[in-house]
Amino acid sequence: MIKIKEKLITYLKSRTFFKYIFEKGLYTAPDNEDASLVRIDIGCGRRKIDGCIGIDKEALPGVDIVRDIEEQGLPFADNSVDMVYANSVLEHFNEPKNIMSEIYRVLKKDTGRARIFATHFSNPYGYSDFQAKRLWGYFTFDHFVKEYKQKSKRKVPDWYQPFYFEIVRKELFFTSDFVILKFPAKLVQWIINQSDILARLYEYNFCYIYPAWGIRVEMKPDTSEARIMK
């Protein structure tokens with residue numbers, strides 16, 4: 001029996017789904033990502049992503065550039081950055097639209113990507129962070145996408161800013177601090193992210209019954225024709 005248990009544990013540890021169950025949700029740089037890419041980690045704190053230029057308003061270990069980007073913007077030229085990471089930081093800004101504008105400005109318009117993780121509004125821990133100004137939901141990032149390109153059946157206004165992104169990937173993220181609840185959380189995550197209908201049904205009816213941990217998106221600059229003003 002002990003040998004069978006050991007073999008089962010070894011088997012589970014070797015599988016992709018095991019890593020999936022215990023993932024933290026925050027974006028990290030893939031091991032095979034081109035090292036020559038210009039990558040920045042906004043609000044990195046003490047946990048800067050390997051290979052990135054870490055930017056934070058606090059002079060913490062690992063921070064490469066100490067800067068209040070809400071007041072001073074990002075210290076990079078237009079169209080000069082390949083990858084922007086922003087893990088659990090957008091909710092700390094007074095006006096996230098201005099930060100999204102800076103991300104759009106510095107990203108390379110043909111190949112640049114932004115990988116963002118934000119705390120979901122149903123996550124009770126989100127309210128424990130006294131620095132958090134607002135929490136995010138399933139449709140928040142859609143406001144930065146032209147309405148006719150929004151993939152959800154429910155459309156949101158797109159006229160709050162002169163720049164736009166396209167969403168490459170968007171998903172609600174679930175996990176738990178309790179190991180025994182991690183697998184059920186990942187099962188819920190897998191089911192809900194199967195379709196837009198399920199995600200909308202969950203957020204409108206069930207998110208306070210079974211809270212989401214966050215929302216994770218990958219976006220790219222939209223350089224197509226400008227939105228027609230009516």
# chains A, B, ... in the order shown; residues from 1 in each chain; ligands from 1

$ select_by_dssp --residues "region 44-120 of chain A" --states "helix (DSSP H, G or I)" --output "list in words"
Ile69, Glu70, Glu71, Gln72, Leu90, Glu91, His92, Pro96, Lys97, Asn98, Ile99, Met100, Ser101, Glu102, Ile103, Tyr104, Arg105 and Val106 of chain A

$ residues_around --residues "region 41-46 of chain A" --least-positions-apart "6" --cutoff "12 Å" --atoms "only C-alpha atoms" --output "PyMOL selection string"
chain A and resi 26-29+52-70+73-75+81-93+99-100+102-103+114-117

$ residues_around --residues "region 150-156 of chain A" --least-positions-apart "2" --cutoff "9 Å" --atoms "only C-alpha atoms" --output "list in words"
Phe139, Thr140, Asp142, His143, Val145, Lys146, Glu147, Tyr148, Asp158, Glu166, Ile167, Asp196, Ile197 and Arg200 of chain A

$ write_last_selection --atoms "N, CA and C atoms" --output "PDB file, in the first residue's frame"
ATOM      1  N   PHE A 139     -15.636  42.018 -16.788  1.00  0.00           N
ATOM      2  CA  PHE A 139     -15.797  42.942 -17.907  1.00  0.00           C
ATOM      3  C   PHE A 139     -14.909  44.180 -17.829  1.00  0.00           C
ATOM      4  N   THR A 140     -14.156  44.332 -16.752  1.00  0.00           N
ATOM      5  CA  THR A 140     -13.379  45.556 -16.582  1.00  0.00           C
ATOM      6  C   THR A 140     -12.410  45.781 -17.731  1.00  0.00           C
ATOM      7  N   ASP A 142     -12.602  44.741 -20.690  1.00  0.00           N
ATOM      8  CA  ASP A 142     -13.288  44.930 -21.969  1.00  0.00           C
ATOM      9  C   ASP A 142     -13.493  46.403 -22.307  1.00  0.00           C
ATOM     10  N   HIS A 143     -13.476  47.264 -21.297  1.00  0.00           N
ATOM     11  CA  HIS A 143     -13.621  48.695 -21.558  1.00  0.00           C
ATOM     12  C   HIS A 143     -12.473  49.244 -22.407  1.00  0.00           C
ATOM     13  N   VAL A 145     -11.279  47.668 -24.960  1.00  0.00           N
ATOM     14  CA  VAL A 145     -11.405  46.995 -26.257  1.00  0.00           C
ATOM     15  C   VAL A 145     -12.542  47.646 -27.036  1.00  0.00           C
ATOM     16  N   LYS A 146     -12.341  47.864 -28.325  1.00  0.00           N
ATOM     17  CA  LYS A 146     -13.411  48.419 -29.149  1.00  0.00           C
ATOM     18  C   LYS A 146     -14.641  47.528 -29.047  1.00  0.00           C
ATOM     19  N   GLU A 147     -15.787  48.168 -28.961  1.00  0.00           N
ATOM     20  CA  GLU A 147     -17.007  47.428 -28.668  1.00  0.00           C
ATOM     21  C   GLU A 147     -17.246  46.288 -29.652  1.00  0.00           C
ATOM     22  N   TYR A 148     -17.019  46.528 -30.918  1.00  0.00           N
ATOM     23  CA  TYR A 148     -17.311  45.484 -31.902  1.00  0.00           C
ATOM     24  C   TYR A 148     -16.297  44.336 -31.849  1.00  0.00           C
ATOM     25  N   ASP A 158     -16.861  51.749 -24.726  1.00  0.00           N
ATOM     26  CA  ASP A 158     -15.456  51.776 -25.149  1.00  0.00           C
ATOM     27  C   ASP A 158     -14.959  53.193 -25.406  1.00  0.00           C
ATOM     28  N   GLU A 166      -6.549  44.563 -27.777  1.00  0.00           N
ATOM     29  CA  GLU A 166      -7.304  43.361 -28.088  1.00  0.00           C
ATOM     30  C   GLU A 166      -6.967  42.324 -27.026  1.00  0.00           C
ATOM     31  N   ILE A 167      -7.969  41.606 -26.571  1.00  0.00           N
ATOM     32  CA  ILE A 167      -7.746  40.584 -25.553  1.00  0.00           C
ATOM     33  C   ILE A 167      -7.384  39.267 -26.226  1.00  0.00           C
ATOM     34  N   ASP A 196     -18.101  31.979 -22.449  1.00  0.00           N
ATOM     35  CA  ASP A 196     -18.475  33.299 -21.965  1.00  0.00           C
ATOM     36  C   ASP A 196     -19.781  33.242 -21.185  1.00  0.00           C
ATOM     37  N   ILE A 197     -20.696  32.401 -21.617  1.00  0.00           N
ATOM     38  CA  ILE A 197     -21.989  32.282 -20.934  1.00  0.00           C
ATOM     39  C   ILE A 197     -21.802  31.810 -19.497  1.00  0.00           C
ATOM     40  N   ARG A 200     -20.232  34.607 -17.352  1.00  0.00           N
ATOM     41  CA  ARG A 200     -21.207  35.646 -17.018  1.00  0.00           C
ATOM     42  C   ARG A 200     -22.223  35.133 -16.004  1.00  0.00           C
TER      43      ARG A 200
END

$ closest_residue --among "A:Trp190, A:Phe141, A:Phe130, A:Phe183" --to "Arg169 (chain A)" --atoms "only C-alpha atoms"
A:Phe141

$ residues_around --residues "region 76-79 of chain A" --least-positions-apart "6" --cutoff "8 Å" --atoms "only C-alpha atoms" --output "PyMOL selection string"
chain A and resi 105-109

$ select_by_dssp --residues "region 3-218 of chain A" --states "strand (DSSP E)" --output "ChimeraX atom specification"
/A:39-42,53-56,65-66,83-87,113-119,165-173,214-218

$ atom_distance --atom1 "CA of Phe144 (chain A)" --atom2 "CA of Leu172 (chain A)"
17.6 Å

$ atom_distance --atom1 "CA of Glu23 (chain A)" --atom2 "CA of Gln194 (chain A)"
18.7 Å

$ decode --residues "region 69-172 of chain A" --atoms "C-alpha atoms" --output "PDB file, in the first residue's frame"
ATOM      1  CA  ILE A  69       4.444  55.741 -12.457  1.00  0.00           C
ATOM      2  CA  GLU A  70       1.035  57.149 -11.621  1.00  0.00           C
ATOM      3  CA  GLU A  71       2.642  60.577 -11.304  1.00  0.00           C
ATOM      4  CA  GLN A  72       5.655  60.190 -13.614  1.00  0.00           C
ATOM      5  CA  GLY A  73       4.637  57.559 -16.151  1.00  0.00           C
ATOM      6  CA  LEU A  74       6.825  54.709 -17.380  1.00  0.00           C
ATOM      7  CA  PRO A  75      10.468  55.639 -18.123  1.00  0.00           C
ATOM      8  CA  PHE A  76      10.514  54.047 -21.569  1.00  0.00           C
ATOM      9  CA  ALA A  77      10.213  55.370 -25.096  1.00  0.00           C
ATOM     10  CA  ASP A  78       7.130  54.822 -27.211  1.00  0.00           C
ATOM     11  CA  ASN A  79       6.933  51.441 -28.927  1.00  0.00           C
ATOM     12  CA  SER A  80      10.013  50.082 -27.124  1.00  0.00           C
ATOM     13  CA  VAL A  81       8.852  47.305 -24.777  1.00  0.00           C
ATOM     14  CA  ASP A  82       8.100  43.701 -25.754  1.00  0.00           C
ATOM     15  CA  MET A  83       6.336  42.511 -22.616  1.00  0.00           C
ATOM     16  CA  VAL A  84       4.653  44.250 -19.692  1.00  0.00           C
ATOM     17  CA  TYR A  85       3.798  42.268 -16.568  1.00  0.00           C
ATOM     18  CA  ALA A  86       1.474  43.702 -13.921  1.00  0.00           C
ATOM     19  CA  ASN A  87       0.592  41.320 -11.090  1.00  0.00           C
ATOM     20  CA  SER A  88      -1.928  42.512  -8.492  1.00  0.00           C
ATOM     21  CA  VAL A  89      -0.983  46.137  -8.974  1.00  0.00           C
ATOM     22  CA  LEU A  90      -3.612  47.875 -11.130  1.00  0.00           C
ATOM     23  CA  GLU A  91      -6.066  47.841  -8.240  1.00  0.00           C
ATOM     24  CA  HIS A  92      -3.681  50.082  -6.283  1.00  0.00           C
ATOM     25  CA  PHE A  93      -3.833  53.029  -8.675  1.00  0.00           C
ATOM     26  CA  ASN A  94      -6.215  55.946  -8.359  1.00  0.00           C
ATOM     27  CA  GLU A  95      -6.787  56.021 -12.120  1.00  0.00           C
ATOM     28  CA  PRO A  96      -5.971  52.683 -13.809  1.00  0.00           C
ATOM     29  CA  LYS A  97      -6.877  54.163 -17.199  1.00  0.00           C
ATOM     30  CA  ASN A  98      -3.730  56.301 -17.089  1.00  0.00           C
ATOM     31  CA  ILE A  99      -1.572  53.261 -16.339  1.00  0.00           C
ATOM     32  CA  MET A 100      -3.190  51.315 -19.174  1.00  0.00           C
ATOM     33  CA  SER A 101      -2.432  54.282 -21.414  1.00  0.00           C
ATOM     34  CA  GLU A 102       1.233  54.123 -20.426  1.00  0.00           C
ATOM     35  CA  ILE A 103       1.314  50.378 -21.031  1.00  0.00           C
ATOM     36  CA  TYR A 104      -0.165  50.937 -24.479  1.00  0.00           C
ATOM     37  CA  ARG A 105       2.314  53.715 -25.234  1.00  0.00           C
ATOM     38  CA  VAL A 106       5.481  51.759 -24.440  1.00  0.00           C
ATOM     39  CA  LEU A 107       4.440  48.412 -25.940  1.00  0.00           C
ATOM     40  CA  LYS A 108       5.641  47.539 -29.419  1.00  0.00           C
ATOM     41  CA  LYS A 109       2.527  47.876 -31.509  1.00  0.00           C
ATOM     42  CA  ASP A 110       3.157  44.867 -33.706  1.00  0.00           C
ATOM     43  CA  THR A 111       4.409  42.268 -31.230  1.00  0.00           C
ATOM     44  CA  GLY A 112       4.039  43.718 -27.717  1.00  0.00           C
ATOM     45  CA  ARG A 113       1.976  41.976 -25.052  1.00  0.00           C
ATOM     46  CA  ALA A 114       0.649  42.901 -21.610  1.00  0.00           C
ATOM     47  CA  ARG A 115       0.054  40.124 -19.084  1.00  0.00           C
ATOM     48  CA  ILE A 116      -2.027  41.333 -16.184  1.00  0.00           C
ATOM     49  CA  PHE A 117      -3.425  39.750 -13.036  1.00  0.00           C
ATOM     50  CA  ALA A 118      -5.946  41.713 -10.963  1.00  0.00           C
ATOM     51  CA  THR A 119      -7.830  40.796  -7.790  1.00  0.00           C
ATOM     52  CA  HIS A 120     -11.464  39.886  -8.420  1.00  0.00           C
ATOM     53  CA  PHE A 121     -14.106  41.882  -6.550  1.00  0.00           C
ATOM     54  CA  SER A 122     -15.507  38.754  -4.873  1.00  0.00           C
ATOM     55  CA  ASN A 123     -12.163  37.840  -3.274  1.00  0.00           C
ATOM     56  CA  PRO A 124     -12.514  38.623   0.468  1.00  0.00           C
ATOM     57  CA  TYR A 125      -8.745  39.066   0.768  1.00  0.00           C
ATOM     58  CA  GLY A 126      -8.951  41.978  -1.653  1.00  0.00           C
ATOM     59  CA  TYR A 127     -10.575  44.077   1.040  1.00  0.00           C
ATOM     60  CA  SER A 128      -7.775  43.256   3.469  1.00  0.00           C
ATOM     61  CA  ASP A 129      -5.329  45.293   1.392  1.00  0.00           C
ATOM     62  CA  PHE A 130      -5.756  48.830   2.683  1.00  0.00           C
ATOM     63  CA  GLN A 131      -3.918  50.182  -0.376  1.00  0.00           C
ATOM     64  CA  ALA A 132      -6.366  48.690  -2.870  1.00  0.00           C
ATOM     65  CA  LYS A 133      -8.477  51.414  -4.469  1.00  0.00           C
ATOM     66  CA  ARG A 134     -10.791  49.140  -6.494  1.00  0.00           C
ATOM     67  CA  LEU A 135     -11.181  45.495  -7.410  1.00  0.00           C
ATOM     68  CA  TRP A 136     -11.724  44.159 -10.928  1.00  0.00           C
ATOM     69  CA  GLY A 137     -14.344  42.033 -12.643  1.00  0.00           C
ATOM     70  CA  TYR A 138     -14.890  39.938 -15.739  1.00  0.00           C
ATOM     71  CA  PHE A 139     -15.797  42.942 -17.907  1.00  0.00           C
ATOM     72  CA  THR A 140     -13.379  45.556 -16.582  1.00  0.00           C
ATOM     73  CA  PHE A 141     -10.687  44.933 -19.189  1.00  0.00           C
ATOM     74  CA  ASP A 142     -13.288  44.930 -21.969  1.00  0.00           C
ATOM     75  CA  HIS A 143     -13.621  48.695 -21.558  1.00  0.00           C
ATOM     76  CA  PHE A 144     -10.198  48.962 -23.216  1.00  0.00           C
ATOM     77  CA  VAL A 145     -11.405  46.995 -26.257  1.00  0.00           C
ATOM     78  CA  LYS A 146     -13.411  48.419 -29.149  1.00  0.00           C
ATOM     79  CA  GLU A 147     -17.007  47.428 -28.668  1.00  0.00           C
ATOM     80  CA  TYR A 148     -17.311  45.484 -31.902  1.00  0.00           C
ATOM     81  CA  LYS A 149     -14.219  43.463 -30.942  1.00  0.00           C
ATOM     82  CA  GLN A 150     -15.428  42.560 -27.470  1.00  0.00           C
ATOM     83  CA  LYS A 151     -15.854  38.788 -27.408  1.00  0.00           C
ATOM     84  CA  SER A 152     -18.580  38.668 -24.772  1.00  0.00           C
ATOM     85  CA  LYS A 153     -22.238  38.886 -25.731  1.00  0.00           C
ATOM     86  CA  ARG A 154     -22.560  41.617 -23.111  1.00  0.00           C
ATOM     87  CA  LYS A 155     -20.928  44.770 -24.461  1.00  0.00           C
ATOM     88  CA  VAL A 156     -19.477  47.570 -22.333  1.00  0.00           C
ATOM     89  CA  PRO A 157     -18.707  51.207 -23.256  1.00  0.00           C
ATOM     90  CA  ASP A 158     -15.456  51.776 -25.149  1.00  0.00           C
ATOM     91  CA  TRP A 159     -15.386  55.569 -25.307  1.00  0.00           C
ATOM     92  CA  TYR A 160     -13.450  56.448 -22.166  1.00  0.00           C
ATOM     93  CA  GLN A 161      -9.990  56.547 -23.779  1.00  0.00           C
ATOM     94  CA  PRO A 162      -8.338  57.141 -27.185  1.00  0.00           C
ATOM     95  CA  PHE A 163      -6.317  53.896 -27.146  1.00  0.00           C
ATOM     96  CA  TYR A 164      -7.406  50.280 -27.424  1.00  0.00           C
ATOM     97  CA  PHE A 165      -6.226  46.740 -26.816  1.00  0.00           C
ATOM     98  CA  GLU A 166      -7.304  43.361 -28.088  1.00  0.00           C
ATOM     99  CA  ILE A 167      -7.746  40.584 -25.553  1.00  0.00           C
ATOM    100  CA  VAL A 168      -5.728  37.519 -26.471  1.00  0.00           C
ATOM    101  CA  ARG A 169      -6.772  35.549 -23.416  1.00  0.00           C
ATOM    102  CA  LYS A 170      -9.010  36.224 -20.434  1.00  0.00           C
ATOM    103  CA  GLU A 171      -9.964  33.940 -17.580  1.00  0.00           C
ATOM    104  CA  LEU A 172     -11.309  33.982 -14.067  1.00  0.00           C
TER     105      LEU A 172
END
